[in-house]
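Okay, run21.cif now, which holds mmCIF, C-alpha atoms:
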```
data_final
#
loop_
_atom_site.label_atom_id
_atom_site.label_comp_id
_atom_site.auth_asym_id
_atom_site.auth_seq_id
_atom_site.Cartn_x
_atom_site.Cartn_y
_atom_site.Cartn_z
CA MET U 1 80.74 186.48 80.97
CA LYS U 2 81.99 189.40 78.90
CA TRP U 3 85.26 190.80 80.08
CA SER U 4 87.02 193.69 78.46
CA THR U 5 90.48 193.17 77.04
CA HIS U 6 91.73 195.57 79.66
CA LYS U 7 90.36 193.43 82.47
CA LEU U 8 91.69 190.20 80.95
CA VAL U 9 95.17 191.68 80.65
CA ARG U 10 95.10 192.99 84.22
CA LEU U 11 93.96 189.65 85.57
CA ALA U 12 96.61 187.83 83.51
CA LEU U 13 99.25 190.13 84.97
CA PHE U 14 98.01 189.49 88.50
CA LEU U 15 98.07 185.76 87.76
CA ALA U 16 101.63 185.99 86.44
CA ILE U 17 102.77 187.86 89.56
CA GLY U 18 101.06 185.25 91.72
CA VAL U 19 102.80 182.36 89.96
CA ILE U 20 106.17 184.07 90.20
CA LEU U 21 105.70 184.80 93.91
CA ASN U 22 104.74 181.15 94.36
CA ILE U 23 107.91 179.96 92.64
CA ILE U 24 110.12 182.39 94.53
CA GLU U 25 108.57 181.19 97.76
CA ARG U 26 109.58 177.60 97.09
CA ALA U 27 113.18 178.72 97.36
CA ILE U 28 112.66 180.31 100.79
CA ASN U 29 112.85 177.78 103.60
CA ILE U 30 112.14 178.95 107.12
CA PRO U 31 114.65 176.84 109.07
CA LEU U 32 112.79 177.10 112.37
CA LEU U 33 109.50 175.85 110.94
CA PRO U 34 110.08 173.29 108.20
CA GLY U 35 107.46 173.11 105.49
CA MET U 36 105.94 176.45 106.41
CA ARG U 37 105.52 179.20 103.87
CA LEU U 38 104.89 182.90 104.10
CA GLY U 39 102.08 182.74 101.51
CA LEU U 40 103.29 185.74 99.50
CA ALA U 41 101.09 184.72 96.57
CA ASN U 42 98.05 185.26 98.79
CA THR U 43 98.61 189.02 98.45
CA ILE U 44 97.51 188.63 94.82
CA GLY U 45 94.38 186.78 95.94
CA LEU U 46 93.47 189.57 98.35
CA ILE U 47 94.16 192.28 95.77
CA VAL U 48 92.06 190.54 93.10
CA LEU U 49 89.24 189.99 95.60
CA PHE U 50 89.34 193.64 96.58
CA PHE U 51 89.41 195.08 93.06
CA TYR U 52 87.28 192.57 91.15
CA GLY U 53 85.25 190.10 93.18
CA PRO U 54 84.72 186.49 94.25
CA LEU U 55 84.53 184.97 90.74
CA GLU U 56 87.85 186.46 89.64
CA PHE U 57 89.36 185.57 93.02
CA VAL U 58 88.48 181.88 92.63
CA LEU U 59 89.57 181.80 88.99
CA ILE U 60 92.95 183.44 89.55
CA GLY U 61 93.56 181.36 92.67
CA PHE U 62 92.85 178.05 90.94
CA LEU U 63 94.92 178.94 87.86
CA ARG U 64 97.76 180.00 90.13
CA VAL U 65 97.83 176.64 91.92
CA LEU U 66 97.67 174.87 88.54
CA LEU U 67 100.40 176.95 86.90
CA ALA U 68 102.70 176.87 89.92
CA SER U 69 102.42 173.09 89.84
CA LEU U 70 103.66 173.05 86.24
CA TYR U 71 106.88 174.25 87.82
CA GLY U 72 106.78 172.07 90.93
CA GLY U 73 105.19 168.90 89.51
CA PHE U 74 101.78 167.31 89.84
CA GLY U 75 102.69 164.96 92.66
CA VAL U 76 101.56 164.83 96.25
CA SER U 77 102.46 168.49 96.74
CA PHE U 78 99.93 169.50 94.07
CA PHE U 79 97.08 167.90 95.99
CA ILE U 80 98.34 169.37 99.24
CA SER U 81 98.39 172.90 97.84
CA LEU U 82 95.08 172.38 96.04
CA ALA U 83 93.42 171.32 99.30
CA GLY U 84 94.96 174.25 101.17
CA TRP U 85 93.79 176.67 98.52
CA GLY U 86 90.33 175.07 98.28
CA LEU U 87 89.54 175.21 101.99
CA SER U 88 90.92 178.70 102.50
CA SER U 89 89.06 180.07 99.45
CA LEU U 90 85.81 178.53 100.63
CA VAL U 91 86.11 180.07 104.09
CA ILE U 92 87.29 183.42 102.71
CA LEU U 93 84.33 183.68 100.36
CA GLY U 94 81.92 182.90 103.18
CA LEU U 95 83.47 185.60 105.36
CA TYR U 96 83.66 188.00 102.40
CA PHE U 97 79.90 187.81 101.93
CA PHE U 98 79.50 188.20 105.68
CA LYS U 99 81.04 191.67 105.10
CA LYS U 100 82.20 192.31 108.63
CA LEU U 101 85.84 191.32 108.51
CA SER U 102 88.70 193.49 107.36
CA ILE U 103 91.63 192.45 105.22
CA PHE U 104 93.44 191.38 108.41
CA GLY U 105 90.73 188.97 109.53
CA LEU U 106 90.35 187.55 106.03
CA SER U 107 94.05 187.06 105.53
CA MET U 108 94.76 185.52 108.94
CA ILE U 109 91.83 183.10 108.79
CA SER U 110 92.78 182.25 105.21
CA ALA U 111 96.32 181.36 106.28
CA VAL U 112 95.08 179.15 109.13
CA MET U 113 92.57 177.39 106.85
CA HIS U 114 95.32 176.89 104.30
CA GLY U 115 97.27 175.00 106.92
CA LEU U 116 94.21 173.01 108.01
CA GLY U 117 93.45 171.93 104.43
CA GLN U 118 97.02 170.81 103.96
CA VAL U 119 97.10 168.88 107.23
CA ILE U 120 93.88 167.08 106.29
CA VAL U 121 95.34 165.91 102.98
CA VAL U 122 98.66 164.93 104.57
CA ALA U 123 96.76 162.97 107.23
CA ILE U 124 94.87 161.12 104.48
CA ILE U 125 97.99 160.40 102.47
CA TYR U 126 99.95 159.17 105.47
CA GLN U 127 96.84 157.47 106.86
CA SER U 128 97.54 158.95 110.23
CA ILE U 129 95.25 161.19 112.26
CA TYR U 130 98.30 162.10 114.31
CA MET U 131 99.45 164.50 111.62
CA PHE U 132 97.12 166.90 113.41
CA ALA U 133 99.74 167.22 116.13
CA TYR U 134 101.42 169.59 113.70
CA PHE U 135 98.31 171.75 113.47
CA PRO U 136 98.85 174.04 116.50
CA ALA U 137 102.20 175.08 115.06
CA LEU U 138 100.49 175.80 111.75
CA VAL U 139 97.85 177.93 113.48
CA VAL U 140 100.46 180.11 115.16
CA SER U 141 102.55 180.50 112.02
CA GLY U 142 99.39 181.05 109.95
CA LEU U 143 98.27 183.91 112.19
CA VAL U 144 101.67 185.58 111.98
CA SER U 145 102.09 185.15 108.23
CA GLY U 146 98.44 186.05 107.59
CA TRP U 147 98.91 189.32 109.45
CA LEU U 148 102.09 190.12 107.50
CA ILE U 149 100.40 189.32 104.18
CA ALA U 150 97.44 191.52 105.07
CA LEU U 151 99.81 194.36 105.90
CA ILE U 152 101.66 194.00 102.58
CA SER U 153 98.40 193.73 100.61
CA ARG U 154 96.95 196.78 102.32
CA GLU U 155 99.98 198.90 101.54
CA VAL U 156 99.86 197.76 97.89
CA LEU U 157 96.10 198.42 97.68
CA ARG U 158 96.49 201.89 99.15
CA ARG U 159 99.08 202.76 96.54
CA ILE U 160 97.21 201.54 93.45
CA PRO U 161 94.53 204.03 92.43
CA GLU U 162 91.36 202.04 91.87
CA ARG U 163 90.60 203.71 88.54
CA GLU U 164 93.95 202.45 87.20
CA VAL U 165 92.81 198.89 87.71
CA ILE U 166 89.10 198.99 87.11
CA ASN U 167 87.95 201.77 84.81
CA HIS U 168 90.89 202.47 82.58
CA GLY U 169 89.98 202.51 78.87
CA GLN U 170 86.29 202.18 79.40
CA MET S 1 84.56 197.46 94.50
CA GLY S 2 86.52 196.88 97.66
CA LYS S 3 83.91 195.22 99.79
CA PHE S 4 86.16 194.75 102.77
CA SER S 5 87.88 197.24 105.02
CA LEU S 6 91.60 197.83 104.84
CA TYR S 7 91.68 198.55 108.53
CA LYS S 8 91.13 196.11 111.32
CA THR S 9 87.57 195.84 112.59
CA LYS S 10 86.02 194.59 115.80
CA ALA S 11 84.66 191.57 113.97
CA ASP S 12 88.28 190.59 113.20
CA ILE S 13 89.11 190.39 116.87
CA TYR S 14 85.93 188.45 117.73
CA PHE S 15 86.39 186.00 114.88
CA LEU S 16 90.05 185.33 115.51
CA SER S 17 89.57 184.98 119.27
CA GLY S 18 86.64 182.65 118.63
CA LEU S 19 88.71 180.61 116.22
CA LEU S 20 91.55 180.31 118.72
CA ILE S 21 89.27 179.37 121.62
CA VAL S 22 87.25 176.79 119.66
CA GLY S 23 90.43 175.42 118.09
CA SER S 24 92.31 174.97 121.35
CA LEU S 25 89.26 173.57 123.13
CA ALA S 26 88.77 170.98 120.42
CA PHE S 27 92.44 170.13 120.50
CA ASN S 28 92.49 169.74 124.28
CA LEU S 29 89.35 167.61 124.29
CA VAL S 30 90.87 165.27 121.72
CA GLN S 31 94.00 165.01 123.83
CA LYS S 32 92.11 164.38 127.08
CA ALA S 33 89.61 161.96 125.58
CA ARG S 34 92.51 159.65 124.98
CA THR S 35 93.65 157.51 127.84
CA THR S 36 95.84 158.39 130.80
CA SER S 37 97.29 155.43 132.62
CA ASP S 38 100.41 154.24 134.42
CA ASN S 39 100.80 151.33 132.07
CA LEU S 40 102.26 153.23 129.15
CA VAL S 41 104.30 151.83 126.28
CA ALA S 42 105.74 153.31 123.11
CA ASN S 43 104.01 151.88 120.08
CA VAL S 44 105.72 151.99 116.72
CA TYR S 45 103.61 152.40 113.60
CA ILE S 46 104.30 152.30 109.90
CA THR S 47 101.42 154.23 108.29
CA SER S 48 98.54 153.09 110.51
CA ALA S 49 99.79 149.57 111.20
CA GLN S 50 101.49 148.85 114.50
CA VAL S 51 104.79 147.07 113.96
CA ASP S 52 106.37 147.12 117.40
CA GLN S 53 105.89 147.94 121.06
CA LEU S 54 108.66 149.26 123.30
CA SER S 55 108.53 149.17 127.07
CA LEU S 56 109.32 152.49 128.67
CA LYS S 57 110.59 150.73 131.81
CA PHE S 58 113.78 149.46 130.20
CA ASP S 59 116.37 151.65 128.51
CA GLY S 60 117.48 150.58 125.07
CA LYS S 61 118.28 151.53 121.51
CA TYR S 62 116.34 149.98 118.67
CA LEU S 63 117.36 150.04 115.04
CA TYR S 64 114.55 149.69 112.51
CA TYR S 65 115.51 148.89 108.94
CA ASP S 66 114.22 147.28 105.78
CA GLU S 67 114.80 143.52 105.84
CA ALA S 68 115.25 143.62 102.08
CA ARG S 69 118.03 146.21 102.29
CA PRO S 70 120.42 144.91 104.97
CA GLU S 71 123.31 146.70 103.25
CA GLN S 72 121.96 149.95 104.74
CA ILE S 73 122.98 148.95 108.25
CA VAL S 74 126.42 147.53 107.45
CA ASN S 75 128.01 150.70 108.82
CA TYR S 76 126.12 150.34 112.07
CA ARG S 77 127.33 146.81 112.61
CA VAL S 78 131.04 147.69 112.35
CA GLU S 79 130.81 150.24 115.15
CA GLU S 80 132.30 148.33 118.02
CA GLN S 81 130.14 149.67 120.81
CA ASP S 82 126.89 149.45 118.94
CA GLU S 83 124.30 148.51 121.55
CA ARG S 84 121.35 148.74 119.23
CA GLU S 85 118.81 145.98 119.05
CA TYR S 86 118.10 145.13 115.45
CA ARG S 87 114.47 145.26 114.38
CA PRO S 88 114.17 144.26 110.73
CA LEU S 89 110.89 145.23 109.08
CA GLY S 90 109.49 142.94 106.40
CA ALA S 91 107.20 143.73 103.50
CA PRO S 92 105.16 145.85 103.14
CA TYR S 93 106.55 148.00 105.96
CA GLY S 94 110.32 148.03 105.45
CA GLU S 95 110.09 149.59 102.02
CA LYS S 96 108.34 152.64 103.49
CA LEU S 97 111.53 153.69 105.26
CA LEU S 98 113.97 155.96 103.45
CA GLY S 99 116.73 154.51 105.60
CA PRO S 100 117.37 152.96 109.00
CA ILE S 101 115.75 154.66 112.00
CA THR S 102 117.15 154.44 115.52
CA VAL S 103 114.84 154.90 118.50
CA GLU S 104 116.11 155.29 122.04
CA VAL S 105 114.24 154.72 125.29
CA LYS S 106 115.78 156.24 128.39
CA ASP S 107 114.36 157.11 131.81
CA GLY S 108 110.81 156.52 130.64
CA LYS S 109 111.19 158.85 127.66
CA VAL S 110 111.46 158.05 124.00
CA ALA S 111 113.20 159.79 121.09
CA VAL S 112 114.28 159.17 117.54
CA ILE S 113 118.03 159.69 117.58
CA ASP S 114 118.87 158.82 113.99
CA GLU S 115 116.88 158.71 110.75
CA THR S 116 117.03 159.61 107.08
CA SER S 117 114.96 162.53 105.80
CA ASP S 118 115.24 166.04 104.39
CA HIS S 119 114.17 168.04 107.40
CA HIS S 120 114.67 165.63 110.35
CA TYR S 121 111.39 166.67 111.98
CA CYS S 122 111.27 163.70 114.32
CA ARG S 123 114.89 163.94 115.44
CA ILE S 124 114.42 167.66 116.12
CA GLN S 125 111.34 166.88 118.18
CA GLY S 126 113.57 165.20 120.76
CA TRP S 127 112.55 163.36 123.91
CA THR S 128 108.97 162.89 124.95
CA ASP S 129 107.04 161.07 127.66
CA THR S 130 103.68 162.65 126.79
CA ALA S 131 100.98 160.12 125.98
CA ASN S 132 99.26 160.39 122.62
CA TRP S 133 101.69 163.00 121.41
CA PRO S 134 103.25 161.32 118.39
CA ILE S 135 106.76 161.53 117.07
CA THR S 136 106.22 161.47 113.31
CA CYS S 137 109.03 160.74 110.89
CA ALA S 138 107.76 162.10 107.57
CA PRO S 139 108.25 161.06 104.85
CA ASN S 140 109.20 157.71 106.37
CA TYR S 141 105.61 156.81 107.37
CA PHE S 142 107.16 156.03 110.77
CA VAL S 143 105.25 157.10 113.89
CA ILE S 144 105.92 156.49 117.58
CA ILE S 145 103.11 157.12 120.04
CA ILE S 146 103.16 156.60 123.79
CA GLU S 147 99.93 154.79 124.59
CA GLU S 148 98.32 152.44 127.06
CA ALA S 149 99.68 148.90 126.60
CA ASN S 150 97.52 146.99 124.17
CA LEU S 151 99.65 144.39 122.45
#
```
What does the file become when written as structure tokens?
Amino acid sequence: MKWSTHKLVRLALFLAIGVILNIIERAINIPLLPGMRLGLANTIGLIVLFFYGPLEFVLIGFLRVLLASLYGGFGVSFFISLAGWGLSSLVILGLYFFKKLSIFGLSMISAVMHGLGQVIVVAIIYQSIYMFAYFPALVVSGLVSGWLIALISREVLRRIPEREVINHGQ
Amino acid sequence: MGKFSLYKTKADIYFLSGLLIVGSLAFNLVQKARTTSDNLVANVYITSAQVDQLSLKFDGKYLYYDEARPEQIVNYRVEEQDEREYRPLGAPYGEKLLGPITVEVKDGKVAVIDETSDHHYCRIQGWTDTANWPITCAPNYFVIIIEEANL
């Protein structure tokens, strides 16, 4: 795996933005839907997947969860976010190789899978299958936030010239 | 690069509709597969262990608290018109509660009317008489589910 310095720096910057978005998000509580997040950091995932590819997407995503947990602590919440990230990344990569879905489909399904992964871990921790009663609410909020995130990512992607990210200095 | 479209495709619609249909079907089947009966009671669980059973036929208020921390309910006891029935929980269940939890049964419905938590999910959830639709008090490990009588 030989990456140019340019690529490493770009990826590090994307990672840094992702971690910061993650930390900012912790401060935003949606009063109507406790525990639910917008998933702003997922914009970085979509952008990295678009510009680079699956390997970079997984790497940046995992490092983001790890680094954000340095801020939030490696307790229960770490495993919850790891599971959410793991399941959503798995599904996203499958659909990415399927090559039929747009950024909207990818983002919305990713958000729903994120919620599903989290519910599964919470159900295991609390030893209660009934945690799934919360799942329908997560599906609805996941579809809404996934759509918003896709919209934001698309507008960012349209405004960054691809050569700026990929080919510069080569 | 850029192996996915930035604009919505037909496959998006099909996939999302499919996801919603399969998801809601699965959810409904799980709900229906569970029993429907006239003989319903409210079961109280700490984690997955049942600790109490409340009849829905009689109104009442029930105060659950940790046996080892009776000082937490001192304030409740001094209220003159406190009609709560006291339900101390011994080890290992009592210690799971962040604080006392009050459950009320009225007109065949059940609700958590007082508890200790950050977000008060279960208090916000309000009254329910739906079977198998749990009231979950996270992070208290406290769950109430209306079920067929089994105790």
Worksheet item: Where does the PyMOL selection byres ((chain S) within 7 of (chain U)) land in this file, that is, which residues does it pick, as a ChimeraX atom specification?
Response: /S:1-9,11-12,47-48,119,134,141
Let me see the file: selected residues, C-alpha atoms, as a compact mmCIF listing (two decimals), in the coordinates of the input.
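Saved file again11.txt follows:
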```txt
# COMPACT_ATOMS: atom_id res chain seq x y z
CA MET S 1 84.56 197.46 94.50
CA GLY S 2 86.52 196.88 97.66
CA LYS S 3 83.91 195.22 99.79
CA PHE S 4 86.16 194.75 102.77
CA SER S 5 87.88 197.24 105.02
CA LEU S 6 91.60 197.83 104.84
CA TYR S 7 91.68 198.55 108.53
CA LYS S 8 91.13 196.11 111.32
CA THR S 9 87.57 195.84 112.59
CA ALA S 11 84.66 191.57 113.97
CA ASP S 12 88.28 190.59 113.20
CA THR S 47 101.42 154.23 108.29
CA SER S 48 98.54 153.09 110.51
CA HIS S 119 114.17 168.04 107.40
CA PRO S 134 103.25 161.32 118.39
CA TYR S 141 105.61 156.81 107.37
```
Padding of 5 Å on every side, edges along x, y and z, all listed atoms of range 140-147 of chain U included: what centre and edge lengths in Å, to one decimal, does that box have, as JSON?
```
{"center_x": 100.4, "center_y": 184.7, "center_z": 111.4, "size_x": 14.3, "size_y": 19.2, "size_z": 17.6}
```
Worksheet item: Which protein, DNA or RNA residues are at most 8 Å from (104.0, 181.9, 96.7) in the file's coordinates when you count only C-alpha atoms, listed as a ChimeraX atom specification?
Response: /U:18-26,37-42
Item to complete: Quick one: everything within 8 Å of Gly99 in chain S, counting only C-alpha atoms, minus sequence neighbours fewer than 2 positions away in the same chain. Send it as a PyMOL selection string.
Response: chain S and resi 65-66+72+97+101+115-116
Practice prompt. Please write the residues picked by the PyMOL selection byres ((chain U and resi 117) around 10) on this file as a VMD selection string.
Written response: chain U and resid 80 to 88 112 to 116 118 to 123
Fill in: Contacts of Asp52 in chain S within 8 Å, all atoms listed in the file, excl. fewer than 3 positions in-chain, as JSON, numbers by chain
{"S": [43, 44, 45]}
Item to complete: Could you tell me which residues the PyMOL selection byres ((chain S and resi 107) around 10) returns for this structure, as a list in words?
Response: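 Taken on the displayed file, the PyMOL selection byres ((chain S and resi 107) around 10) yields the residues Leu56, Lys57, Phe58, Asp59, Gly60, Val105, Lys106, Gly108, Lys109, Val110 and Asp129 of chain S.
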